[in-house]
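File shown: coords_26.cif. Contents: mmCIF, C-alpha atoms and all ligand atoms.
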data_start
#
loop_
_atom_site.label_atom_id
_atom_site.label_comp_id
_atom_site.auth_asym_id
_atom_site.auth_seq_id
_atom_site.Cartn_x
_atom_site.Cartn_y
_atom_site.Cartn_z
CA MET Z 9 -5.27 25.43 18.68
CA PRO Z 10 -2.46 23.41 20.28
CA ASN Z 11 -3.35 19.74 20.35
CA LYS Z 12 -2.79 17.23 23.15
CA THR Z 13 0.94 17.00 22.50
CA GLY Z 14 1.27 20.75 22.44
CA ARG Z 15 2.32 20.55 18.81
CA ARG Z 16 0.90 23.14 16.49
CA TYR Z 17 0.22 21.53 13.20
CA PRO Z 18 -0.57 24.48 10.95
CA GLY Z 19 -2.50 22.70 8.21
CA LYS Z 20 -6.08 21.52 8.03
CA THR Z 21 -5.76 17.74 7.98
CA SER Z 22 -7.96 14.65 8.12
CA SER Z 23 -9.68 14.07 11.46
CA PRO Z 24 -10.77 10.71 12.93
CA ASP Z 25 -14.25 11.56 11.55
CA ASP Z 26 -12.83 12.01 8.05
CA LYS Z 27 -11.05 8.65 8.33
CA GLY Z 28 -14.35 7.05 9.42
CA GLU Z 29 -16.07 8.60 6.43
CA HIS Z 30 -13.37 7.24 4.07
CA ILE Z 31 -14.08 3.77 5.40
CA ARG Z 32 -17.86 4.17 5.23
CA LEU Z 33 -17.67 5.42 1.63
CA CYS Z 34 -15.48 2.47 0.67
CA LEU Z 35 -17.82 -0.02 2.35
CA GLU Z 36 -21.07 1.43 0.99
CA ASN Z 37 -20.16 2.69 -2.49
CA ASP Z 38 -18.07 1.85 -5.51
CA MET Z 39 -14.90 3.81 -4.83
CA GLU Z 40 -12.79 2.13 -7.47
CA SER Z 41 -11.40 3.84 -10.52
CA SER Z 42 -13.26 2.90 -13.69
CA CYS Z 43 -9.94 2.55 -15.52
CA SER Z 44 -8.42 -0.91 -15.30
CA ASN Z 45 -5.22 -1.85 -13.46
CA GLY Z 46 -3.68 -2.63 -16.86
CA PHE Z 47 -2.87 -6.29 -16.18
CA GLU Z 48 -5.52 -7.49 -18.66
CA LYS Z 49 -3.08 -6.49 -21.42
CA TYR Z 50 -0.77 -9.33 -20.37
CA ARG Z 51 -1.10 -13.09 -20.15
CA LEU Z 52 1.13 -15.64 -18.54
CA ILE Z 53 2.06 -18.39 -20.96
CA ASN Z 54 0.29 -21.66 -20.22
CA GLN Z 55 2.82 -24.42 -19.58
CA PRO Z 56 1.18 -27.83 -20.16
CA LEU Z 57 4.43 -29.61 -19.24
CA PRO Z 58 5.22 -27.77 -16.00
CA GLU Z 59 7.33 -30.67 -14.60
CA ILE Z 60 6.23 -29.62 -11.11
CA LEU Z 61 4.33 -31.34 -8.29
CA PHE Z 62 1.56 -28.85 -7.35
CA SER Z 63 2.14 -29.27 -3.63
CA SER Z 64 5.80 -28.28 -4.09
CA VAL Z 65 4.92 -24.80 -5.41
CA ASP Z 66 6.61 -22.51 -2.89
CA THR Z 67 5.76 -18.81 -2.50
CA SER Z 68 7.96 -18.14 0.53
CA CYS Z 69 10.43 -15.25 0.48
CA ARG Z 70 11.91 -12.57 2.72
CA PHE Z 71 10.92 -8.99 3.44
CA LEU Z 72 13.45 -6.71 5.12
CA GLY Z 73 15.24 -9.68 6.62
CA LYS Z 74 12.17 -11.55 7.89
CA ASP Z 75 10.77 -14.79 6.45
CA ILE Z 76 7.25 -14.50 5.02
CA SER Z 77 5.09 -17.15 3.41
CA ALA Z 78 4.26 -15.18 0.25
CA PRO Z 79 5.16 -11.84 -1.38
CA PHE Z 80 1.90 -10.32 -0.17
CA ILE Z 81 1.59 -7.02 1.69
CA ILE Z 82 -1.52 -5.77 3.43
CA SER Z 83 -1.43 -2.14 2.26
CA PRO Z 84 -1.95 0.75 4.71
CA ILE Z 85 -5.61 1.38 5.53
CA THR Z 86 -6.36 2.87 8.90
CA GLY Z 87 -5.92 3.80 12.56
CA GLY Z 88 -7.28 6.41 14.94
CA SER Z 89 -10.78 5.17 15.89
CA ASP Z 90 -12.53 2.21 17.54
CA LEU Z 91 -13.45 0.79 14.13
CA SER Z 92 -9.83 1.25 13.02
CA LYS Z 93 -8.67 -0.72 16.04
CA THR Z 94 -10.98 -3.59 15.10
CA ILE Z 95 -9.75 -3.46 11.50
CA ASN Z 96 -6.07 -3.37 12.47
CA THR Z 97 -6.54 -6.18 15.00
CA ASN Z 98 -8.25 -8.46 12.47
CA LEU Z 99 -5.65 -7.67 9.79
CA ALA Z 100 -2.84 -8.33 12.27
CA LYS Z 101 -4.22 -11.66 13.47
CA ALA Z 102 -4.63 -12.84 9.87
CA ALA Z 103 -1.18 -11.55 8.84
CA GLN Z 104 0.43 -13.29 11.81
CA ALA Z 105 -1.39 -16.57 11.10
CA LEU Z 106 -0.38 -16.46 7.43
CA ARG Z 107 3.08 -14.92 8.03
CA LEU Z 108 2.62 -11.89 5.77
CA VAL Z 109 3.63 -8.21 5.83
CA LEU Z 110 1.21 -5.74 7.44
CA SER Z 111 1.04 -1.95 7.12
CA VAL Z 112 -0.97 0.36 9.36
CA GLY Z 113 -2.65 3.52 8.08
CA SER Z 114 -1.36 7.06 8.54
CA GLN Z 115 -0.21 7.55 12.13
CA ARG Z 116 -0.45 11.32 12.12
CA LEU Z 117 -3.61 11.22 14.27
CA ALA Z 118 -1.76 9.31 16.99
CA LEU Z 119 1.28 11.57 16.80
CA GLU Z 120 -1.04 14.50 17.40
CA ASN Z 121 -3.07 12.69 20.07
CA PRO Z 122 -1.16 9.87 21.82
CA ASP Z 123 -4.46 8.49 23.25
CA LEU Z 124 -5.10 7.11 19.75
CA ALA Z 125 -1.82 5.14 19.57
CA ALA Z 126 -3.53 1.97 20.85
CA THR Z 127 -5.65 1.81 17.70
CA TYR Z 128 -2.44 1.14 15.69
CA GLN Z 129 -0.55 -1.05 18.17
CA ILE Z 130 -0.73 -4.59 16.87
CA ARG Z 131 2.80 -5.83 17.61
CA GLN Z 132 1.66 -7.95 20.56
CA ILE Z 133 -0.75 -9.94 18.39
CA ALA Z 134 1.64 -10.06 15.44
CA PRO Z 135 5.06 -10.61 17.06
CA ASP Z 136 6.82 -12.29 14.15
CA ILE Z 137 5.83 -10.50 10.97
CA PRO Z 138 7.20 -7.36 9.31
CA ILE Z 139 5.05 -4.36 10.33
CA ILE Z 140 5.25 -1.09 8.41
CA ALA Z 141 4.64 2.34 9.94
CA ASN Z 142 2.93 5.00 7.77
CA LEU Z 143 3.00 8.80 7.45
CA GLY Z 144 2.28 11.31 4.70
CA ALA Z 145 5.53 12.63 3.24
CA ILE Z 146 3.91 16.08 2.91
CA TYR Z 147 4.00 16.50 6.71
CA LEU Z 148 7.81 16.74 6.41
CA ASN Z 149 7.09 20.20 4.97
CA TYR Z 150 4.69 21.09 7.78
CA GLY Z 151 6.63 20.60 10.99
CA TYR Z 152 7.38 16.87 11.05
CA GLY Z 153 10.97 15.60 11.08
CA LEU Z 154 13.18 12.69 12.03
CA LYS Z 155 11.93 12.66 15.66
CA ASP Z 156 8.28 12.32 14.60
CA CYS Z 157 9.12 9.57 12.10
CA GLU Z 158 11.11 7.75 14.78
CA ALA Z 159 8.12 8.14 17.14
CA ALA Z 160 5.78 6.60 14.55
CA VAL Z 161 8.14 3.63 14.17
CA LYS Z 162 8.53 3.20 17.93
CA MET Z 163 4.78 3.53 18.52
CA ILE Z 164 4.14 0.22 16.75
CA GLN Z 165 7.62 -1.39 16.90
CA ALA Z 166 7.74 -1.26 13.12
CA ASP Z 167 10.33 -2.80 10.83
CA ALA Z 168 10.12 0.04 8.28
CA LEU Z 169 8.48 3.42 7.73
CA CYS Z 170 6.46 3.98 4.58
CA LEU Z 171 5.86 7.58 3.49
CA TYR Z 172 2.98 8.19 1.12
CA LEU Z 173 2.91 10.76 -1.68
CA ASN Z 174 -0.51 12.19 -2.48
CA PRO Z 175 -0.61 15.55 -4.31
CA MET Z 176 -3.84 14.77 -6.17
CA GLN Z 177 -5.56 13.52 -3.01
CA LYS Z 178 -4.45 16.62 -1.08
CA ILE Z 179 -5.71 19.10 -3.63
CA LEU Z 180 -9.08 17.36 -3.98
CA GLN Z 181 -9.37 17.31 -0.17
CA GLY Z 182 -9.22 21.10 -0.29
CA SER Z 183 -6.13 20.92 1.88
CA PRO Z 184 -4.02 24.07 2.25
CA ASP Z 185 -0.91 21.84 2.64
CA LEU Z 186 0.20 21.89 -0.97
CA ASP Z 187 3.90 22.67 -0.66
CA PHE Z 188 5.52 19.58 -2.16
CA LYS Z 189 8.86 21.35 -2.71
CA GLY Z 190 12.07 19.91 -1.27
CA LEU Z 191 10.61 16.58 -0.17
CA VAL Z 192 13.30 14.50 -1.86
CA ASP Z 193 16.00 16.08 0.31
CA LYS Z 194 13.94 15.48 3.44
CA ILE Z 195 13.35 11.85 2.46
CA ALA Z 196 17.11 11.52 1.82
CA HIS Z 197 17.77 12.81 5.35
CA LEU Z 198 15.39 10.20 6.78
CA CYS Z 199 17.02 7.43 4.73
CA ARG Z 200 20.38 8.37 6.27
CA HIS Z 201 19.24 8.73 9.87
CA LEU Z 202 16.05 6.75 10.61
CA SER Z 203 16.60 3.56 12.61
CA VAL Z 204 14.63 1.47 10.08
CA PRO Z 205 14.47 1.37 6.25
CA VAL Z 206 12.33 3.96 4.47
CA MET Z 207 9.72 2.96 1.91
CA VAL Z 208 7.69 5.34 -0.28
CA LYS Z 209 4.32 4.75 -1.91
CA GLU Z 210 1.60 6.54 -3.82
CA VAL Z 211 -2.03 6.14 -2.74
CA GLY Z 212 -3.57 4.89 -5.98
CA PHE Z 213 -2.43 7.23 -8.78
CA GLY Z 214 0.90 5.54 -9.50
CA LEU Z 215 4.58 6.29 -8.94
CA SER Z 216 6.29 7.68 -12.02
CA PRO Z 217 9.71 6.57 -13.33
CA LEU Z 218 11.07 10.03 -12.43
CA ALA Z 219 9.86 9.77 -8.82
CA ALA Z 220 11.21 6.21 -8.61
CA GLU Z 221 14.64 7.30 -9.85
CA LEU Z 222 14.81 10.19 -7.38
CA LEU Z 223 13.76 7.93 -4.51
CA ALA Z 224 16.17 5.13 -5.48
CA ASP Z 225 19.02 7.65 -5.70
CA VAL Z 226 18.51 8.90 -2.14
CA GLY Z 227 18.46 5.44 -0.60
CA VAL Z 228 14.78 4.51 -0.29
CA ALA Z 229 14.73 0.75 0.37
CA CYS Z 230 11.48 -0.14 -1.36
CA ILE Z 231 8.86 1.68 -3.41
CA ASP Z 232 5.18 0.83 -3.79
CA ILE Z 233 3.74 1.72 -7.19
CA ALA Z 234 0.15 2.08 -5.79
CA GLY Z 235 -1.14 2.69 -9.30
CA ALA Z 236 -4.56 3.43 -10.73
CA GLY Z 237 -7.17 0.77 -11.33
CA GLY Z 238 -8.22 0.17 -7.73
CA THR Z 239 -9.26 2.55 -4.95
CA SER Z 240 -9.73 6.05 -6.35
CA TRP Z 241 -8.97 8.78 -3.82
CA ALA Z 242 -10.34 11.25 -6.32
CA LYS Z 243 -13.75 9.57 -6.04
CA ILE Z 244 -13.55 9.26 -2.26
CA THR Z 245 -12.54 12.83 -1.53
CA ARG Z 246 -15.08 14.22 -3.98
CA GLN Z 247 -17.88 12.34 -2.24
CA MET Z 248 -16.95 13.40 1.28
CA LYS Z 249 -19.65 15.41 3.06
CA LYS Z 250 -17.47 18.48 3.26
CA SER Z 251 -16.17 18.15 -0.30
CA ILE Z 252 -15.84 21.48 -2.03
CA TRP Z 253 -15.96 19.94 -5.46
CA GLY Z 254 -19.32 18.32 -6.24
CA GLU Z 255 -19.40 17.51 -9.91
CA THR Z 256 -16.40 19.77 -10.54
CA GLY Z 257 -13.31 17.62 -10.45
CA ALA Z 258 -15.07 14.46 -11.66
CA CYS Z 259 -12.60 14.43 -14.55
CA PHE Z 260 -9.96 13.25 -12.04
CA ASP Z 261 -11.85 10.13 -10.93
CA ASP Z 262 -9.68 8.03 -13.24
CA TRP Z 263 -6.50 10.08 -12.86
CA GLY Z 264 -3.24 8.20 -12.63
CA THR Z 265 -1.16 5.55 -14.34
CA PRO Z 266 -2.61 2.04 -14.29
CA THR Z 267 -0.59 -0.19 -11.98
CA ALA Z 268 0.77 -2.52 -14.70
CA ASP Z 269 1.92 0.40 -16.87
CA ALA Z 270 3.54 2.19 -13.92
CA LEU Z 271 5.24 -1.03 -12.84
CA VAL Z 272 6.75 -1.73 -16.26
CA ALA Z 273 7.98 1.87 -16.63
CA VAL Z 274 9.37 2.07 -13.10
CA ARG Z 275 11.12 -1.30 -13.29
CA LYS Z 276 12.75 -0.17 -16.52
CA ALA Z 277 13.88 3.08 -14.87
CA VAL Z 278 15.23 1.55 -11.63
CA GLY Z 279 16.89 -1.82 -11.92
CA SER Z 280 17.64 -2.96 -8.44
CA ILE Z 281 15.23 -1.32 -5.95
CA GLN Z 282 12.58 -3.51 -4.32
CA ILE Z 283 9.14 -2.83 -5.79
CA VAL Z 284 5.68 -3.47 -4.41
CA ALA Z 285 2.92 -3.53 -7.01
CA SER Z 286 -0.40 -2.37 -5.60
CA GLY Z 287 -3.47 -0.51 -6.80
CA GLY Z 288 -6.30 -2.66 -8.10
CA ILE Z 289 -4.62 -6.01 -7.41
CA ARG Z 290 -7.68 -8.17 -6.89
CA ASN Z 291 -6.63 -11.80 -7.34
CA GLY Z 292 -3.67 -14.16 -7.50
CA LEU Z 293 -3.45 -13.89 -11.28
CA ASP Z 294 -2.94 -10.09 -11.06
CA MET Z 295 -0.33 -10.82 -8.41
CA ALA Z 296 1.52 -13.33 -10.57
CA LYS Z 297 1.50 -10.95 -13.54
CA ALA Z 298 2.92 -8.21 -11.31
CA LEU Z 299 5.73 -10.53 -10.19
CA ALA Z 300 6.41 -11.50 -13.80
CA LEU Z 301 6.59 -7.81 -14.79
CA GLY Z 302 9.26 -7.05 -12.20
CA ALA Z 303 7.55 -6.55 -8.83
CA ASP Z 304 9.03 -8.21 -5.75
CA TYR Z 305 5.79 -8.07 -3.75
CA ALA Z 306 2.13 -7.26 -4.35
CA GLY Z 307 -0.15 -5.28 -2.05
CA MET Z 308 -3.87 -5.04 -1.48
CA ALA Z 309 -6.05 -2.65 0.55
CA LEU Z 310 -9.72 -2.28 -0.46
CA PRO Z 311 -10.60 -5.99 -0.85
CA LEU Z 312 -9.49 -6.57 2.77
CA LEU Z 313 -11.49 -3.72 4.26
CA ARG Z 314 -14.89 -5.41 4.57
CA PRO Z 315 -13.46 -8.73 5.86
CA ALA Z 316 -11.40 -6.74 8.37
CA THR Z 317 -14.57 -5.20 9.82
CA GLN Z 318 -15.92 -8.75 10.28
CA SER Z 319 -13.24 -11.06 11.72
CA ALA Z 320 -9.64 -12.19 11.46
CA ASN Z 321 -10.88 -15.39 9.88
CA ALA Z 322 -12.72 -13.48 7.15
CA VAL Z 323 -9.46 -11.65 6.29
CA LYS Z 324 -7.55 -14.95 6.35
CA LEU Z 325 -10.04 -16.63 3.99
CA ARG Z 326 -9.87 -13.71 1.54
CA ILE Z 327 -6.06 -13.72 1.46
CA GLU Z 328 -5.87 -17.52 1.28
CA ALA Z 329 -8.08 -17.44 -1.83
CA VAL Z 330 -5.66 -14.97 -3.49
CA LEU Z 331 -2.62 -17.03 -2.51
CA ARG Z 332 -4.28 -20.21 -3.85
CA GLU Z 333 -4.81 -18.40 -7.17
CA LEU Z 334 -1.15 -17.36 -7.13
CA ARG Z 335 -0.02 -20.97 -6.61
CA ILE Z 336 -2.34 -22.25 -9.38
CA THR Z 337 -0.96 -19.60 -11.74
CA MET Z 338 2.62 -20.54 -10.87
CA PHE Z 339 1.91 -24.26 -11.35
CA CYS Z 340 0.29 -23.75 -14.76
CA SER Z 341 3.09 -21.40 -15.83
CA GLY Z 342 5.79 -23.89 -14.83
CA ILE Z 343 7.09 -21.74 -11.98
CA ARG Z 344 7.88 -23.61 -8.75
CA THR Z 345 9.50 -20.87 -6.67
CA LEU Z 346 9.49 -17.07 -6.87
CA GLU Z 347 12.94 -17.13 -8.53
CA GLY Z 348 11.12 -18.58 -11.54
CA PHE Z 349 9.56 -15.16 -12.16
CA ASN Z 350 13.02 -13.75 -12.88
CA GLY Z 351 14.52 -16.61 -14.89
CA ASP Z 352 15.59 -16.65 -18.54
CA ARG Z 353 12.42 -18.40 -19.78
CA ASN Z 354 9.75 -16.11 -21.21
CA ILE Z 355 6.71 -16.51 -18.97
CA ILE Z 356 4.56 -13.48 -19.86
CA GLU Z 357 3.41 -11.94 -23.12
CA LEU Z 358 1.37 -8.99 -24.30
CA CYS Z 359 -2.11 -9.93 -25.48
CA HIS Z 360 -2.83 -8.99 -29.08
CA THR Z 361 -5.77 -6.61 -29.37
C1 LIG Z 401 -10.00 3.09 3.42
C2 LIG Z 401 -8.60 3.28 2.91
C3 LIG Z 401 -7.70 4.02 3.67
C4 LIG Z 401 -6.38 4.20 3.23
N1 LIG Z 401 -5.50 4.89 4.03
C5 LIG Z 401 -4.20 4.97 3.66
C6 LIG Z 401 -3.22 5.53 4.54
O1 LIG Z 401 -3.53 5.95 5.65
N2 LIG Z 401 -1.93 5.57 4.09
C7 LIG Z 401 -1.55 5.11 2.87
O2 LIG Z 401 -0.34 5.14 2.54
N3 LIG Z 401 -2.45 4.58 2.03
C8 LIG Z 401 -3.76 4.49 2.39
N4 LIG Z 401 -4.66 3.90 1.55
C9 LIG Z 401 -4.23 3.53 0.18
C10 LIG Z 401 -3.89 2.06 0.06
O3 LIG Z 401 -2.82 1.71 0.91
C11 LIG Z 401 -3.54 1.66 -1.39
O4 LIG Z 401 -2.36 2.31 -1.80
C12 LIG Z 401 -4.64 2.02 -2.37
O5 LIG Z 401 -5.90 1.86 -1.77
C13 LIG Z 401 -4.60 1.14 -3.62
O6 LIG Z 401 -4.80 -0.22 -3.33
P1 LIG Z 401 -6.22 -0.98 -3.53
O7 LIG Z 401 -6.69 -0.68 -4.91
O8 LIG Z 401 -5.91 -2.43 -3.29
O9 LIG Z 401 -7.15 -0.42 -2.50
C14 LIG Z 401 -5.96 3.66 1.98
C15 LIG Z 401 -6.88 2.91 1.22
C16 LIG Z 401 -8.17 2.71 1.67
C17 LIG Z 401 -9.10 1.88 0.84
#
If you took the structure in this file and wrote it as structure tokens, what would it be?
Amino acid sequence: MPNKTGRRYPGKTSSPDDKGEHIRLCLENDMESSCSNGFEKYRLINQPLPEILFSSVDTSCRFLGKDISAPFIISPITGGSDLSKTINTNLAKAAQALRLVLSVGSQRLALENPDLAATYQIRQIAPDIPIIANLGAIYLNYGYGLKDCEAAVKMIQADALCLYLNPMQKILQGSPDLDFKGLVDKIAHLCRHLSVPVMVKEVGFGLSPLAAELLADVGVACIDIAGAGGTSWAKITRQMKKSIWGETGACFDDWGTPTADALVAVRKAVGSIQIVASGGIRNGLDMAKALALGADYAGMALPLLRPATQSANAVKLRIEAVLRELRITMFCSGIRTLEGFNGDRNIIELCHT
């Protein structure tokens, strides 16, 4: 069936109802991986002589040329329904008030049906912050190209486009769209021609060093590890009403590389690319450890979902708590500014088991 734009998208993809079910499952059930994010294996070294005034601890930095108050990214979550609009509005108001980076969820629904674009459009309420557009990279193999990516960027006046990689999620969804061949070349083409920088992320199973190297080589500006230890798309897709799996496939609930392990391996593989650590980041201590292990930013999705269904203030309070924990960690580690995470002094060590 042609859709409202006349486009024929050949694959069977998530509908607004599926997206609503993802959110409901995340709000009503434990949809987190039972493997840890890996950060418990590390500790920051307590610094009882920090030589710092607490109020001078400064987390400000820049993201794609814009000033932000902390290296915190609201990871992509949603769009495409009334509830999504509420969620995106509350996230945007909080991100604007706190001057942080905000991502929207996959915009494919709005590319297929322009009536849904309004559920993603938060630029008016967040005029100053970096906003990131979002699309599944797999769609580049199923009819999408530069024009569609440009349309997604324009739809929300975004500062960057983030493509997500999700082979495990796709196969557990029972999707027929499983041709992941040739995506690197298509991403390279976008990096050369899109009007904004291209980012690439996983969805909670972790980017590998090999993927990171390929992406860095073709000019991707920033990669998001999105490792295991937080939201498990294996659990979510298996529990969907129309899941074809039932108990089969439960072995993949904890699939993926824990975020800390993926981060360390990827940072070793690619020296200079900007890295977001996300996947199971749940507090400011996780965030600080990620920064100490080579991330430039940290991202969070699931913990912001419930507050985002409530109010902008609820989102703001949740993020402020995390940022307070980050500042406390920096103070007690003797780190006054984010540059301190990359200095010569050893600030993090492996815990002995
Ligand atoms: C309800 C929900 C919807 C999501 N939708 C998207 C999406 O549309 N695009 C995307 O790149 N990631 C999506 N994600 C994945 C997150 O951006 C993130 O990579 C992942 O959840 C790991 O972070 P967390 O453990 O903090 O949730 C979604 C996550 C959740 C919880």
Please report as a tab-separated table every residue of segment 232-313 of chain Z lying within 10 Å of segment 32-51 of chain Z, along with the nearest atom pair and their distance in Å (one decimal), using all atoms listed in the file.
residue	atom	partner	partner_atom	distance
Z:Gly235	CA	Z:Asn45	CA	7.4
Z:Ala236	CA	Z:Asn45	CA	6.0
Z:Gly237	CA	Z:Asn45	CA	3.9
Z:Gly238	CA	Z:Glu40	CA	5.0
Z:Thr239	CA	Z:Glu40	CA	4.4
Z:Ser240	CA	Z:Ser41	CA	5.0
Z:Trp241	CA	Z:Met39	CA	7.8
Z:Ala242	CA	Z:Ser41	CA	8.6
Z:Lys243	CA	Z:Met39	CA	6.0
Z:Ile244	CA	Z:Met39	CA	6.2
Z:Thr245	CA	Z:Leu33	CA	9.6
Z:Gln247	CA	Z:Leu33	CA	7.9
Z:Met248	CA	Z:Leu33	CA	8.0
Z:Phe260	CA	Z:Ser41	CA	9.6
Z:Asp261	CA	Z:Ser41	CA	6.3
Z:Asp262	CA	Z:Ser41	CA	5.3
Z:Trp263	CA	Z:Ser41	CA	8.3
Z:Gly264	CA	Z:Cys43	CA	9.2
Z:Thr265	CA	Z:Asn45	CA	8.5
Z:Pro266	CA	Z:Asn45	CA	4.8
Z:Thr267	CA	Z:Asn45	CA	5.1
Z:Ala268	CA	Z:Gly46	CA	4.9
Z:Asp269	CA	Z:Gly46	CA	6.4
Z:Ala270	CA	Z:Gly46	CA	9.2
Z:Leu271	CA	Z:Gly46	CA	9.9
Z:Ser286	CA	Z:Asn45	CA	9.2
Z:Gly287	CA	Z:Asn45	CA	7.0
Z:Gly288	CA	Z:Asn45	CA	5.5
Z:Ile289	CA	Z:Asn45	CA	7.4
Z:Arg290	CA	Z:Asn45	CA	9.4
Z:Leu293	CA	Z:Phe47	CA	9.1
Z:Asp294	CA	Z:Phe47	CA	6.4
Z:Met295	CA	Z:Phe47	CA	9.3
Z:Ala296	CA	Z:Arg51	CA	9.9
Z:Lys297	CA	Z:Phe47	CA	6.9
Z:Ala298	CA	Z:Phe47	CA	7.8
Z:Ala300	CA	Z:Arg51	CA	10.0
Z:Leu301	CA	Z:Tyr50	CA	9.4
Z:Leu310	CA	Z:Cys34	CA	7.6
Z:Pro311	CA	Z:Cys34	CA	9.9
Z:Leu313	CA	Z:Leu35	CA	7.6
One number please: atom CA of Ala145 of chain Z to atom CA of Ala316 of chain Z, in Å, one decimal.
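Between atom CA of Ala145 of chain Z and atom CA of Ala316 of chain Z the gap works out to 26.2 Å.
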Applying 9 Å and only C-alpha atoms, which residues near segment 346-355 of chain Z remain after dropping the ones on its own chain fewer than 3 positions away? List them as number ranges by chain.
Z: 51-55, 66-69, 79, 296, 299-302, 304, 338, 341-343
Quick one: pull the distance between atom CA of Asn174 of chain Z and atom CA of Glu210 of chain Z, Å, one decimal.
6.2 Å
How far is it from atom CA of Tyr128 of chain Z to atom O6 of ligand LIG 401 (chain Z), in Å with one decimal?
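Between these atoms lies a distance of 19.2 Å.
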Would you pick out the contacts of segment 176-190 of chain Z at 12 Å or less, using all atoms listed in the file, so that residues sharing its chain but fewer than 3 positions from it are not included, and give the list as a PyMOL selection string?
chain Z and resi 17-22+26+30+144-151+172-173+193-197+210-214+222+239-264
As lines of an AutoDock Vina configuration file, please: the centre and edge lengths in Å, to one decimal, of an axis-aligned box enclosing every listed atom of ligand LIG 401 (chain Z) with 6 Å added on each side.
center_x = -5.2
center_y = 1.8
center_z = 0.4
size_x = 21.7
size_y = 20.4
size_z = 22.6
Measuring between all atoms listed in the file, which one of Z:Asn291, Z:Asn142, Z:Ser203, Z:Thr317 shows the shortest distance to ligand LIG 401 (chain Z)?
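Of Z:Asn291, Z:Asn142, Z:Ser203, Z:Thr317, the one nearest ligand LIG 401 (chain Z), counting all atoms listed in the file, is Z:Asn142.
Of the listed residues Z:Ala134, Z:Ile95, Z:Ala329, Z:Ala220, the one whose atoms come nearest to ligand LIG 401 (chain Z) is Z:Ile95, with distances taken using only C-alpha atoms and all ligand atoms.
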How would segment 126-136 of chain Z read, as a PDB file, keeping the file's coordinate frame, once N, CA, C and O atoms are built in?
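out.pdb written:
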ATOM      1  N   ALA Z 126      -3.106   3.366  20.652  1.00  0.00           N
ATOM      2  CA  ALA Z 126      -3.530   1.970  20.850  1.00  0.00           C
ATOM      3  C   ALA Z 126      -4.274   1.412  19.636  1.00  0.00           C
ATOM      4  O   ALA Z 126      -4.292   0.202  19.419  1.00  0.00           O
ATOM      5  N   THR Z 127      -4.880   2.290  18.848  1.00  0.00           N
ATOM      6  CA  THR Z 127      -5.650   1.810  17.700  1.00  0.00           C
ATOM      7  C   THR Z 127      -4.741   1.305  16.567  1.00  0.00           C
ATOM      8  O   THR Z 127      -5.210   0.716  15.597  1.00  0.00           O
ATOM      9  N   TYR Z 128      -3.420   1.600  16.703  1.00  0.00           N
ATOM     10  CA  TYR Z 128      -2.440   1.140  15.690  1.00  0.00           C
ATOM     11  C   TYR Z 128      -1.562   0.009  16.235  1.00  0.00           C
ATOM     12  O   TYR Z 128      -0.831  -0.609  15.471  1.00  0.00           O
ATOM     13  N   GLN Z 129      -1.572  -0.185  17.559  1.00  0.00           N
ATOM     14  CA  GLN Z 129      -0.550  -1.050  18.170  1.00  0.00           C
ATOM     15  C   GLN Z 129      -0.937  -2.521  18.090  1.00  0.00           C
ATOM     16  O   GLN Z 129      -1.735  -3.005  18.894  1.00  0.00           O
ATOM     17  N   ILE Z 130      -0.363  -3.195  17.114  1.00  0.00           N
ATOM     18  CA  ILE Z 130      -0.730  -4.590  16.870  1.00  0.00           C
ATOM     19  C   ILE Z 130       0.480  -5.527  17.032  1.00  0.00           C
ATOM     20  O   ILE Z 130       0.384  -6.710  16.736  1.00  0.00           O
ATOM     21  N   ARG Z 131       1.602  -4.992  17.524  1.00  0.00           N
ATOM     22  CA  ARG Z 131       2.800  -5.830  17.610  1.00  0.00           C
ATOM     23  C   ARG Z 131       2.597  -7.033  18.515  1.00  0.00           C
ATOM     24  O   ARG Z 131       3.059  -8.130  18.212  1.00  0.00           O
ATOM     25  N   GLN Z 132       1.839  -6.837  19.617  1.00  0.00           N
ATOM     26  CA  GLN Z 132       1.660  -7.950  20.560  1.00  0.00           C
ATOM     27  C   GLN Z 132       0.927  -9.120  19.916  1.00  0.00           C
ATOM     28  O   GLN Z 132       1.202 -10.271  20.219  1.00  0.00           O
ATOM     29  N   ILE Z 133      -0.024  -8.823  19.024  1.00  0.00           N
ATOM     30  CA  ILE Z 133      -0.750  -9.940  18.390  1.00  0.00           C
ATOM     31  C   ILE Z 133      -0.081 -10.387  17.094  1.00  0.00           C
ATOM     32  O   ILE Z 133      -0.483 -11.383  16.521  1.00  0.00           O
ATOM     33  N   ALA Z 134       0.914  -9.651  16.659  1.00  0.00           N
ATOM     34  CA  ALA Z 134       1.640 -10.060  15.440  1.00  0.00           C
ATOM     35  C   ALA Z 134       3.140  -9.931  15.717  1.00  0.00           C
ATOM     36  O   ALA Z 134       3.815  -9.083  15.140  1.00  0.00           O
ATOM     37  N   PRO Z 135       3.663 -10.798  16.614  1.00  0.00           N
ATOM     38  CA  PRO Z 135       5.060 -10.610  17.060  1.00  0.00           C
ATOM     39  C   PRO Z 135       6.105 -10.921  15.996  1.00  0.00           C
ATOM     40  O   PRO Z 135       7.215 -10.394  16.068  1.00  0.00           O
ATOM     41  N   ASP Z 136       5.761 -11.752  15.014  1.00  0.00           N
ATOM     42  CA  ASP Z 136       6.820 -12.290  14.150  1.00  0.00           C
ATOM     43  C   ASP Z 136       6.901 -11.658  12.765  1.00  0.00           C
ATOM     44  O   ASP Z 136       7.868 -11.871  12.046  1.00  0.00           O
TER      45      ASP Z 136
END
